[in-house]
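File shown: coords-v8.cif (mmCIF, C-alpha atoms).
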```cif
data_work
#
loop_
_atom_site.label_atom_id
_atom_site.label_comp_id
_atom_site.auth_asym_id
_atom_site.auth_seq_id
_atom_site.Cartn_x
_atom_site.Cartn_y
_atom_site.Cartn_z
CA MET P 1 24.88 -7.51 -2.55
CA GLU P 2 22.93 -9.33 0.18
CA ASN P 3 19.81 -11.24 -0.71
CA ARG P 4 16.70 -9.13 -0.25
CA THR P 5 12.96 -9.21 -0.82
CA ILE P 6 12.02 -6.86 -3.66
CA VAL P 7 8.50 -5.93 -4.77
CA VAL P 8 8.16 -4.67 -8.35
CA LYS P 9 4.92 -2.86 -9.17
CA LEU P 10 4.12 -2.57 -12.87
CA GLY P 11 1.50 -0.05 -13.90
CA THR P 12 -0.79 -0.40 -16.90
CA SER P 13 1.11 2.33 -18.75
CA VAL P 14 4.32 0.31 -18.33
CA LEU P 15 2.74 -2.94 -19.49
CA THR P 16 1.06 -1.40 -22.52
CA GLY P 17 3.61 1.26 -23.42
CA GLY P 18 0.74 3.71 -23.60
CA SER P 19 -1.04 1.62 -26.28
CA SER P 20 -4.37 -0.18 -26.09
CA GLN P 21 -2.87 -3.64 -25.60
CA LEU P 22 -0.18 -5.45 -23.65
CA ASN P 23 3.34 -4.86 -24.91
CA ARG P 24 4.64 -8.41 -24.61
CA ALA P 25 8.10 -7.53 -25.89
CA HIS P 26 8.56 -5.09 -23.02
CA MET P 27 6.97 -7.49 -20.54
CA VAL P 28 9.48 -10.20 -21.38
CA GLU P 29 12.28 -7.70 -20.84
CA LEU P 30 10.92 -6.89 -17.37
CA VAL P 31 10.59 -10.60 -16.64
CA ARG P 32 14.21 -11.12 -17.69
CA GLN P 33 15.30 -8.48 -15.18
CA CYS P 34 13.22 -10.04 -12.40
CA ALA P 35 14.58 -13.49 -13.28
CA ALA P 36 18.12 -12.16 -12.97
CA LEU P 37 17.38 -10.94 -9.43
CA HIS P 38 15.84 -14.32 -8.62
CA ARG P 39 18.90 -16.12 -9.99
CA HIS P 40 21.12 -14.08 -7.67
CA GLY P 41 19.13 -15.21 -4.64
CA HIS P 42 16.71 -12.34 -4.18
CA ARG P 43 13.03 -12.92 -3.37
CA VAL P 44 10.89 -11.21 -6.01
CA VAL P 45 7.22 -10.21 -5.85
CA VAL P 46 5.40 -8.77 -8.87
CA VAL P 47 2.35 -6.55 -8.42
CA THR P 48 0.71 -6.26 -11.81
CA SER P 49 -1.93 -4.01 -13.28
CA GLY P 50 -3.43 -4.55 -16.71
CA ALA P 51 -6.31 -7.00 -16.24
CA ILE P 52 -8.94 -4.68 -17.71
CA ALA P 53 -6.63 -3.66 -20.56
CA ALA P 54 -5.96 -7.35 -21.29
CA GLY P 55 -9.70 -8.06 -21.27
CA ARG P 56 -10.42 -5.30 -23.75
CA GLU P 57 -7.65 -6.58 -26.02
CA HIS P 58 -8.86 -10.18 -25.86
CA LEU P 59 -12.45 -9.20 -26.69
CA GLY P 60 -11.42 -6.99 -29.58
CA HIS P 61 -11.93 -3.62 -27.86
CA PRO P 62 -15.74 -3.67 -27.69
CA PRO P 63 -17.49 -0.30 -27.21
CA LEU P 64 -18.61 -0.56 -23.60
CA ALA P 65 -19.95 2.01 -21.19
CA PRO P 66 -17.58 2.56 -18.22
CA THR P 67 -19.93 0.90 -15.71
CA LEU P 68 -18.77 -1.23 -12.79
CA PRO P 69 -20.29 -4.47 -14.19
CA ASN P 70 -18.55 -3.87 -17.54
CA LYS P 71 -15.23 -3.23 -15.83
CA GLN P 72 -15.66 -6.36 -13.71
CA MET P 73 -16.49 -8.37 -16.82
CA LEU P 74 -13.36 -7.09 -18.58
CA ALA P 75 -11.29 -7.85 -15.47
CA ALA P 76 -12.69 -11.39 -15.26
CA VAL P 77 -11.77 -12.04 -18.90
CA GLY P 78 -8.49 -10.17 -18.76
CA GLN P 79 -7.16 -11.65 -15.54
CA THR P 80 -6.95 -15.11 -17.09
CA GLN P 81 -5.18 -13.67 -20.13
CA LEU P 82 -2.81 -11.58 -18.02
CA ILE P 83 -1.75 -14.40 -15.72
CA ARG P 84 -1.24 -16.69 -18.72
CA VAL P 85 1.14 -14.14 -20.24
CA TRP P 86 3.09 -13.86 -16.98
CA GLN P 87 3.23 -17.64 -16.65
CA ASP P 88 4.48 -18.11 -20.21
CA LEU P 89 7.12 -15.41 -19.83
CA PHE P 90 8.50 -16.60 -16.49
CA ASN P 91 8.50 -20.17 -17.83
CA LEU P 92 11.06 -19.01 -20.38
CA TYR P 93 13.46 -18.69 -17.45
CA GLY P 94 12.37 -21.87 -15.71
CA LEU P 95 10.51 -20.00 -12.96
CA HIS P 96 7.16 -20.78 -11.39
CA ILE P 97 4.62 -18.13 -10.43
CA GLY P 98 1.74 -18.12 -7.97
CA GLN P 99 -1.26 -15.88 -8.45
CA MET P 100 -2.73 -13.91 -5.53
CA LEU P 101 -5.89 -11.85 -6.05
CA LEU P 102 -6.65 -9.55 -3.14
CA THR P 103 -9.25 -7.01 -2.07
CA ARG P 104 -9.24 -4.52 0.77
CA ALA P 105 -11.41 -6.95 2.74
CA ASP P 106 -8.51 -9.41 2.75
CA LEU P 107 -6.32 -6.77 4.39
CA GLU P 108 -8.82 -5.25 6.83
CA ASP P 109 -9.66 -8.48 8.63
CA ARG P 110 -6.77 -9.46 10.88
CA GLU P 111 -7.13 -13.22 10.29
CA ARG P 112 -7.40 -12.86 6.50
CA TYR P 113 -4.45 -10.46 6.57
CA LEU P 114 -2.33 -13.04 8.37
CA ASN P 115 -3.48 -15.79 5.97
CA ALA P 116 -2.49 -13.65 2.98
CA ARG P 117 0.87 -12.92 4.60
CA ASP P 118 1.52 -16.61 5.27
CA THR P 119 0.61 -17.59 1.69
CA LEU P 120 2.85 -14.90 0.23
CA ARG P 121 5.82 -15.76 2.39
CA THR P 122 5.39 -19.50 1.75
CA LEU P 123 5.48 -18.87 -2.00
CA LEU P 124 8.72 -16.94 -1.53
CA ASP P 125 10.18 -19.63 0.72
CA HIS P 126 9.63 -22.13 -2.12
CA ARG P 127 11.28 -19.80 -4.65
CA ILE P 128 7.97 -19.19 -6.42
CA ILE P 129 7.34 -15.66 -7.68
CA PRO P 130 4.03 -14.26 -6.38
CA VAL P 131 2.09 -12.28 -8.99
CA ILE P 132 -0.42 -10.05 -7.19
CA ASN P 133 -3.33 -8.05 -8.50
CA GLU P 134 -6.52 -6.66 -7.05
CA ASN P 135 -9.49 -8.96 -7.55
CA ASP P 136 -11.33 -6.49 -9.78
CA ALA P 137 -13.80 -9.11 -11.01
CA VAL P 138 -15.53 -9.16 -7.62
CA ALA P 139 -14.34 -5.99 -5.89
CA THR P 140 -16.83 -3.20 -5.36
CA ALA P 141 -16.04 0.36 -4.37
CA GLU P 142 -16.51 -0.60 -0.72
CA ILE P 143 -13.90 -3.38 -0.74
CA LYS P 144 -11.38 -2.11 -3.30
CA VAL P 145 -7.91 -1.02 -2.33
CA GLY P 146 -8.51 1.27 -5.29
CA ASP P 147 -5.18 1.26 -7.08
CA ASN P 148 -2.21 -1.05 -7.40
CA ASP P 149 0.24 1.50 -6.01
CA ASN P 150 -1.32 1.22 -2.58
CA LEU P 151 -1.82 -2.52 -3.09
CA SER P 152 1.91 -2.87 -3.76
CA ALA P 153 2.73 -1.04 -0.52
CA ARG P 154 0.58 -3.47 1.40
CA ALA P 155 2.14 -6.40 -0.48
CA ALA P 156 5.57 -5.09 0.52
CA ILE P 157 4.48 -5.10 4.16
CA LEU P 158 3.00 -8.60 3.85
CA ALA P 159 6.25 -9.85 2.32
CA ASP P 160 8.44 -8.01 4.86
CA ALA P 161 10.18 -6.49 1.83
CA ASP P 162 13.35 -4.44 1.77
CA LEU P 163 12.60 -2.53 -1.44
CA LEU P 164 9.46 -1.49 -3.31
CA ILE P 165 9.97 -0.40 -6.92
CA LEU P 166 7.08 1.57 -8.44
CA LEU P 167 7.58 1.56 -12.20
CA THR P 168 5.61 4.09 -14.19
CA ASP P 169 5.74 6.20 -17.35
CA GLN P 170 7.50 9.06 -15.53
CA LYS P 171 11.16 9.25 -14.46
CA GLY P 172 10.14 10.02 -10.89
CA LEU P 173 8.68 12.88 -8.87
CA PHE P 174 9.43 16.34 -10.23
CA THR P 175 9.27 19.86 -8.82
CA ALA P 176 6.61 20.60 -11.47
CA ASP P 177 4.83 18.76 -14.26
CA PRO P 178 7.64 17.89 -16.71
CA ARG P 179 5.13 17.52 -19.53
CA THR P 180 4.25 21.21 -19.38
CA ASN P 181 7.14 22.87 -17.53
CA PRO P 182 10.61 22.61 -19.13
CA ASP P 183 12.20 23.85 -15.90
CA ALA P 184 10.87 20.92 -13.86
CA GLN P 185 13.61 19.16 -11.89
CA LEU P 186 13.68 15.54 -10.76
CA ILE P 187 13.51 15.15 -6.99
CA GLU P 188 16.12 12.49 -6.28
CA GLU P 189 15.28 11.84 -2.62
CA VAL P 190 12.33 12.58 -0.35
CA GLN P 191 12.71 12.57 3.42
CA THR P 192 9.34 14.10 4.32
CA ILE P 193 5.98 13.68 2.60
CA ASP P 194 3.90 16.78 3.34
CA ASP P 195 1.14 18.84 1.73
CA THR P 196 3.66 20.81 -0.33
CA LEU P 197 5.00 17.62 -1.85
CA ARG P 198 1.52 16.23 -2.42
CA SER P 199 0.62 19.35 -4.38
CA LEU P 200 3.29 18.40 -6.92
CA ALA P 201 1.60 15.07 -7.67
CA GLY P 202 -0.74 14.86 -10.66
CA ASP P 203 -3.27 12.36 -11.93
CA SER P 204 -2.80 9.45 -14.29
CA VAL P 205 -2.15 10.80 -17.77
CA SER P 206 -2.32 7.62 -19.82
CA GLY P 207 -6.03 7.10 -19.26
CA LEU P 208 -5.27 3.38 -18.94
CA GLY P 209 -4.67 3.01 -15.22
CA THR P 210 -6.25 4.08 -11.94
CA GLY P 211 -3.20 5.60 -10.31
CA GLY P 212 -1.17 8.76 -10.67
CA MET P 213 1.75 10.25 -8.80
CA ALA P 214 -0.56 11.06 -5.88
CA THR P 215 -1.29 7.38 -5.24
CA LYS P 216 2.42 6.62 -5.49
CA LEU P 217 3.10 9.14 -2.74
CA GLN P 218 0.45 7.47 -0.60
CA ALA P 219 2.02 4.08 -1.24
CA ALA P 220 5.52 5.36 -0.53
CA ASP P 221 4.38 6.88 2.76
CA VAL P 222 2.77 3.63 3.94
CA ALA P 223 5.67 1.40 2.89
CA ARG P 224 8.49 3.54 4.26
CA ARG P 225 6.78 3.72 7.67
CA ALA P 226 6.94 -0.09 7.72
CA GLY P 227 10.69 -0.04 7.02
CA VAL P 228 10.61 -0.46 3.24
CA ASN P 229 12.73 1.64 0.89
CA VAL P 230 10.64 2.91 -2.03
CA VAL P 231 11.70 4.13 -5.49
CA ILE P 232 9.54 5.68 -8.21
CA ALA P 233 11.18 5.28 -11.61
CA THR P 234 10.38 4.82 -15.28
CA GLY P 235 9.77 1.32 -16.53
CA GLN P 236 11.36 2.18 -19.88
CA MET P 237 14.91 2.62 -18.59
CA PRO P 238 17.26 -0.24 -19.57
CA GLU P 239 17.96 -2.68 -16.72
CA VAL P 240 16.01 -0.46 -14.32
CA VAL P 241 15.02 -3.27 -11.94
CA GLY P 242 18.53 -4.67 -11.53
CA ARG P 243 20.11 -1.23 -11.27
CA LEU P 244 17.71 -0.17 -8.55
CA ALA P 245 18.28 -3.44 -6.68
CA LYS P 246 22.01 -2.64 -6.69
CA GLY P 247 21.32 0.75 -5.15
CA GLU P 248 21.88 2.91 -8.21
CA ARG P 249 20.30 6.33 -7.82
CA ILE P 250 17.55 6.33 -10.43
CA GLY P 251 14.21 8.10 -10.10
CA THR P 252 12.98 9.31 -6.71
CA LEU P 253 14.00 7.50 -3.53
CA PHE P 254 11.89 7.46 -0.37
CA PRO P 255 14.19 6.02 2.32
CA ALA P 256 12.66 3.74 4.94
CA LEU P 257 12.12 5.31 8.31
CA ALA P 258 14.76 4.39 10.86
CA SER P 259 12.45 2.31 13.06
CA PRO P 260 10.23 -0.01 11.01
CA LEU P 261 6.89 -0.93 12.55
CA GLU P 262 6.32 -4.31 14.10
CA GLY P 263 3.78 -6.60 12.48
CA ARG P 264 0.62 -5.56 14.33
CA LYS P 265 1.32 -1.87 13.80
CA SER P 266 2.08 -2.50 10.13
CA TRP P 267 -1.39 -3.99 9.85
CA ILE P 268 -2.95 -0.94 11.52
CA LEU P 269 -1.27 1.28 8.95
CA ALA P 270 -1.68 -0.94 5.89
CA GLY P 271 -4.93 -2.75 6.54
CA PRO P 272 -8.22 -1.24 7.60
CA PRO P 273 -9.13 2.38 6.80
CA PRO P 274 -10.00 4.54 9.83
CA HIS P 275 -13.66 4.31 10.83
CA GLY P 276 -13.73 7.48 12.89
CA GLU P 277 -11.76 10.15 14.71
CA VAL P 278 -10.96 11.14 18.26
CA GLN P 279 -9.61 14.60 18.94
CA VAL P 280 -7.34 15.02 21.95
CA ASP P 281 -6.03 17.89 24.05
CA GLN P 282 -2.47 19.15 24.14
CA GLY P 283 -1.66 17.16 27.25
CA ALA P 284 -2.54 13.93 25.47
CA VAL P 285 -0.46 15.00 22.46
CA ALA P 286 2.58 15.53 24.68
CA ALA P 287 2.07 12.22 26.48
CA ILE P 288 1.73 10.27 23.23
CA LYS P 289 4.60 11.96 21.38
CA GLN P 290 7.12 12.51 24.16
CA LYS P 291 6.42 9.72 26.63
CA GLY P 292 5.08 6.99 24.34
CA SER P 293 1.91 6.82 26.42
CA SER P 294 -1.41 5.22 25.64
CA LEU P 295 -4.42 7.44 24.97
CA LEU P 296 -6.57 7.83 28.09
CA PRO P 297 -10.21 8.92 28.03
CA LYS P 298 -9.20 11.98 30.06
CA GLY P 299 -7.36 13.44 27.06
CA ILE P 300 -10.22 13.06 24.57
CA VAL P 301 -12.17 16.23 23.73
CA ALA P 302 -14.27 15.12 20.72
CA VAL P 303 -15.43 11.93 19.01
CA LYS P 304 -16.48 11.75 15.34
CA GLY P 305 -17.82 8.93 13.20
CA ASP P 306 -19.51 5.61 13.88
CA PHE P 307 -17.09 2.90 14.99
CA VAL P 308 -17.18 -0.17 17.15
CA ARG P 309 -14.74 -1.61 19.62
CA GLY P 310 -11.73 -2.95 17.70
CA ASP P 311 -12.00 -0.49 14.79
CA VAL P 312 -9.07 1.65 13.69
CA VAL P 313 -9.56 5.38 14.31
CA ARG P 314 -7.57 8.52 13.58
CA ILE P 315 -6.21 10.48 16.54
CA LEU P 316 -6.24 14.23 15.88
CA ASP P 317 -4.40 16.99 17.75
CA PRO P 318 -6.23 20.18 18.87
CA GLU P 319 -5.70 21.72 15.40
CA GLY P 320 -7.26 18.74 13.64
CA VAL P 321 -3.95 17.36 12.31
CA GLU P 322 -3.64 13.57 12.33
CA LEU P 323 -1.26 12.55 15.08
CA ALA P 324 -1.66 8.77 15.11
CA ARG P 325 -3.91 5.83 14.30
CA GLY P 326 -4.93 3.09 16.63
CA ILE P 327 -7.33 0.30 17.54
CA CYS P 328 -10.00 1.64 19.87
CA ARG P 329 -11.07 -0.33 22.93
CA TYR P 330 -14.45 1.42 23.15
CA ASP P 331 -17.07 2.27 20.52
CA HIS P 332 -18.02 5.81 19.52
CA LEU P 333 -20.98 6.05 21.88
CA GLU P 334 -18.94 4.83 24.83
CA LEU P 335 -16.06 7.17 24.08
CA ALA P 336 -18.42 10.11 23.74
CA ARG P 337 -19.53 9.45 27.33
CA LEU P 338 -15.96 8.88 28.53
CA ARG P 339 -14.27 11.96 27.05
CA GLY P 340 -12.56 13.92 29.81
CA VAL P 341 -13.20 11.14 32.33
CA HIS P 342 -10.45 9.77 34.57
CA SER P 343 -9.65 6.12 33.96
CA ASP P 344 -10.70 5.04 37.45
CA GLN P 345 -14.19 6.38 36.74
CA ILE P 346 -14.85 4.35 33.54
CA GLU P 347 -16.90 1.63 35.21
CA GLN P 348 -18.81 4.22 37.22
CA VAL P 349 -19.81 6.03 34.00
CA LEU P 350 -20.53 3.00 31.79
CA GLY P 351 -21.37 0.35 34.35
CA TYR P 352 -18.61 -1.82 32.89
CA GLY P 353 -15.14 -1.36 31.39
CA TYR P 354 -12.65 -2.73 28.88
CA GLY P 355 -9.59 -1.37 30.61
CA ALA P 356 -8.14 1.97 31.65
CA VAL P 357 -7.09 3.19 28.19
CA ALA P 358 -9.04 4.22 25.10
CA ILE P 359 -6.23 3.19 22.74
CA HIS P 360 -3.24 1.24 24.03
CA ARG P 361 0.21 2.26 22.89
CA ASP P 362 0.81 -1.23 21.50
CA ASP P 363 -2.23 -0.72 19.25
CA MET P 364 -1.16 2.73 18.06
CA VAL P 365 0.92 4.00 15.13
CA LEU P 366 2.38 7.46 15.65
CA LEU P 367 2.39 9.50 12.43
#
```
Show me the file's structure as structure tokens.
Amino acid sequence: MENRTIVVKLGTSVLTGGSSQLNRAHMVELVRQCAALHRHGHRVVVVTSGAIAAGREHLGHPPLAPTLPNKQMLAAVGQTQLIRVWQDLFNLYGLHIGQMLLTRADLEDRERYLNARDTLRTLLDHRIIPVINENDAVATAEIKVGDNDNLSARAAILADADLLILLTDQKGLFTADPRTNPDAQLIEEVQTIDDTLRSLAGDSVSGLGTGGMATKLQAADVARRAGVNVVIATGQMPEVVGRLAKGERIGTLFPALASPLEGRKSWILAGPPPHGEVQVDQGAVAAIKQKGSSLLPKGIVAVKGDFVRGDVVRILDPEGVELARGICRYDHLELARLRGVHSDQIEQVLGYGYGAVAIHRDDMVLL
């Protein structure tokens, strides 16, 4: 088995076993499995939940209202406890860890994104295991990734990973809710993530975490587009990490798309959320999909949202279905004036220009 980069995401339900405190016995077992991969030459990244749960445990489970300041306080207390547990457990196997706390703001800004990527890859180059969590102590709703499933997908892209393992309290994605439907069947492999599949995903059932199967589908979709294989599996299965690393068919596999995205396009997909939308005509759809063309102002029929030059926007087809995402070279007011305009008339309309295209193909991710 060739040496690979493997990201292991551990949800709160896995770390607590559904209880109100960290299950250290199970955590050491997961660490043992990660250490075995490391010993065989693999590069291992851990994305961990559990800071708020660890904070509640450390403070004796105080009765607190579920306000943002209270959650941030619990995260601030719990993060130190959580990282200490990880450090102690990995030290049992002679391994060093490096903590990385991220927010969405670290991923949206191109320079900060590249700095985070360089730090992560340098840790791996020095055989140090990165332990990543969202910086909940300072993150507000506006700068949160929101859940560690999607954070793990972005970590996998930062690390240029080969495999992302999403460990949860379910065996994988099922055709129906296995808790209520005895006829539910495990879906062993997913080639296409569509609305029908999304309808099968439920919310978090433990009440301890922020993610459910829906966020895992989102994470899988982002990671596989960047060339990362993704597996959703139960964290309670014996030797699950090592078995998945060897390619054993456990849980639900989302194979990487054949052509992984290059770095800049991975950032477009994994970093900033879209700030607006441009709707295009059928001619532009054909040019983008069939010819790999850039988006010209001539093909734009509608502009929605407030965005500035350099923001990521969604490109919608005539039916309103998202076709692509890309970095716009003009702001929303400029594009509203340029819709339907030939490229050689841009300077005549605006009095200036930033080039002949609205979104260049090199700055576009086709969905």
Report summary line: Taken to one decimal, the atom CA of P:Gly17-atom CA of P:Lys71 distance is 20.8 Å
**Report entry** Best match for closeness to P:Gly320 among P:Gly78, P:Val341, P:Val285, P:Leu295, counting only C-alpha atoms
**Finding:** P:Val285
Report task. For stretch 218-230 of chain P, work out the shell of residues within 6 Å, counting all atoms listed in the file and skipping chain neighbours fewer than 2 positions away, then give it as a PyMOL selection string. Result -> chain P and resi 149-150+153+162-165+215-216+253-257+260-261+266
Requested in this report: May I ask which of the residues P:Thr180, P:Asn135, P:Asn148, P:Thr5 is the closest one to P:Ala105, counting all atoms listed in the file?
Outcome: P:Asn135
Report task. Mind checking which residues fall within 6 Å of P:Ile327, counting all atoms listed in the file, ignoring those fewer than 6 positions away in the same chain, and posting them as number ranges by chain? Result -> P: 310-312, 363
Residue subset to file, keeping C-alpha atoms, as a compact mmCIF listing (two decimals), in the frame of the given file:
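Printed below is selection20.txt as written:
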```txt
# COMPACT_ATOMS: atom_id res chain seq x y z
CA GLY P 310 -11.73 -2.95 17.70
CA ASP P 311 -12.00 -0.49 14.79
CA VAL P 312 -9.07 1.65 13.69
CA ASP P 363 -2.23 -0.72 19.25
```
Requested in this report: Take the PyMOL selection byres ((chain P and resi 265) around 9), apply it to the structure above, and return the hits as a ChimeraX atom specification.
Outcome: /P:226,261-264,266-270,326,362-365
Closest atom pairs, residues of stretch 57-108 of chain P within 7 Å of stretch 38-51 of chain P, all atoms listed in the file, as a tab-separated table:
```
residue	atom	partner	partner_atom	distance
P:Ala75	CA	P:Ala51	CA	5.1
P:Gly78	CA	P:Ala51	CA	4.6
P:Gln79	CA	P:Ala51	CA	4.8
P:Leu82	CA	P:Ala51	CA	6.0
```
Requested in this report: Identify all residues satisfying the PyMOL selection byres ((chain P and resi 239) around 10) in the given file; provide them as a ChimeraX atom specification.
Outcome: /P:29-30,32-34,235-238,240-244
**Report entry** atom CA of P:Ile315 to atom CA of P:Gln279, distance in Å rounded to a single decimal
**Finding:** 5.9 Å
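In this model, the gap between atom CA of P:Leu124 and atom CA of P:Phe90 comes to 15.0 Å.
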Report task. Name all residues at most 10 Å from P:Ala284 (count all atoms listed in the file; drop same-chain ones fewer than 5 positions away) and give them as a list in words. Result -> Gln279, Lys289, Gln290, Lys291, Ser293, Ser294, Leu295, Leu296, Pro297, Lys298, Gly299, Ile300, Asp317 and Pro318 of chain P
Requested in this report: Do a neighbour search on P:Gln81 at 9 Å with all atoms listed in the file, toss out local chain neighbours closer than 4 positions, and write the hits as a ChimeraX atom specification.
Outcome: /P:51,54-55,58,77,85-86
What's around P:Tyr330 at 8 Å? Count only C-alpha atoms, leave out sequence neighbours fewer than 6 positions away in its own chain, and write the answer as a PDB file with C-alpha atoms, keeping the file's coordinate frame.
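Contents of selection-v8.pdb, freshly written:
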```pdb
ATOM      1  CA  VAL P 308     -17.180  -0.170  17.150  1.00  0.00           C
ATOM      2  CA  ARG P 309     -14.740  -1.610  19.620  1.00  0.00           C
ATOM      3  CA  GLY P 310     -11.730  -2.950  17.700  1.00  0.00           C
ATOM      4  CA  TYR P 354     -12.650  -2.730  28.880  1.00  0.00           C
ATOM      5  CA  ALA P 358      -9.040   4.220  25.100  1.00  0.00           C
TER       6      ALA P 358
END
```
**Report entry** Sel. within 7 Å of pt (11.2, 11.5, -11.0), counting all atoms listed in the file, output as a VMD selection string
**Finding:** chain P and resid 170 to 174 186 to 188 232 to 233 251 to 252
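Considering all atoms listed in the file, the residue among P:Leu338, P:Leu107, P:Ala214, P:Ser343 positioned nearest to P:Pro273 is P:Leu107.
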**Report entry** Reference answer for the PyMOL selection byres ((chain P and resi 131) around 10), as a list in words
**Finding:**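 That selection, the PyMOL selection byres ((chain P and resi 131) around 10), comes back as Val7, Val8, Lys9, Val44, Val45, Val46, Val47, Thr48, Ile83, Trp86, Gln87, Ile97, Gly98, Gln99, Met100, Leu101, Leu120, Ile128, Ile129, Pro130, Ile132 and Asn133 of chain P.
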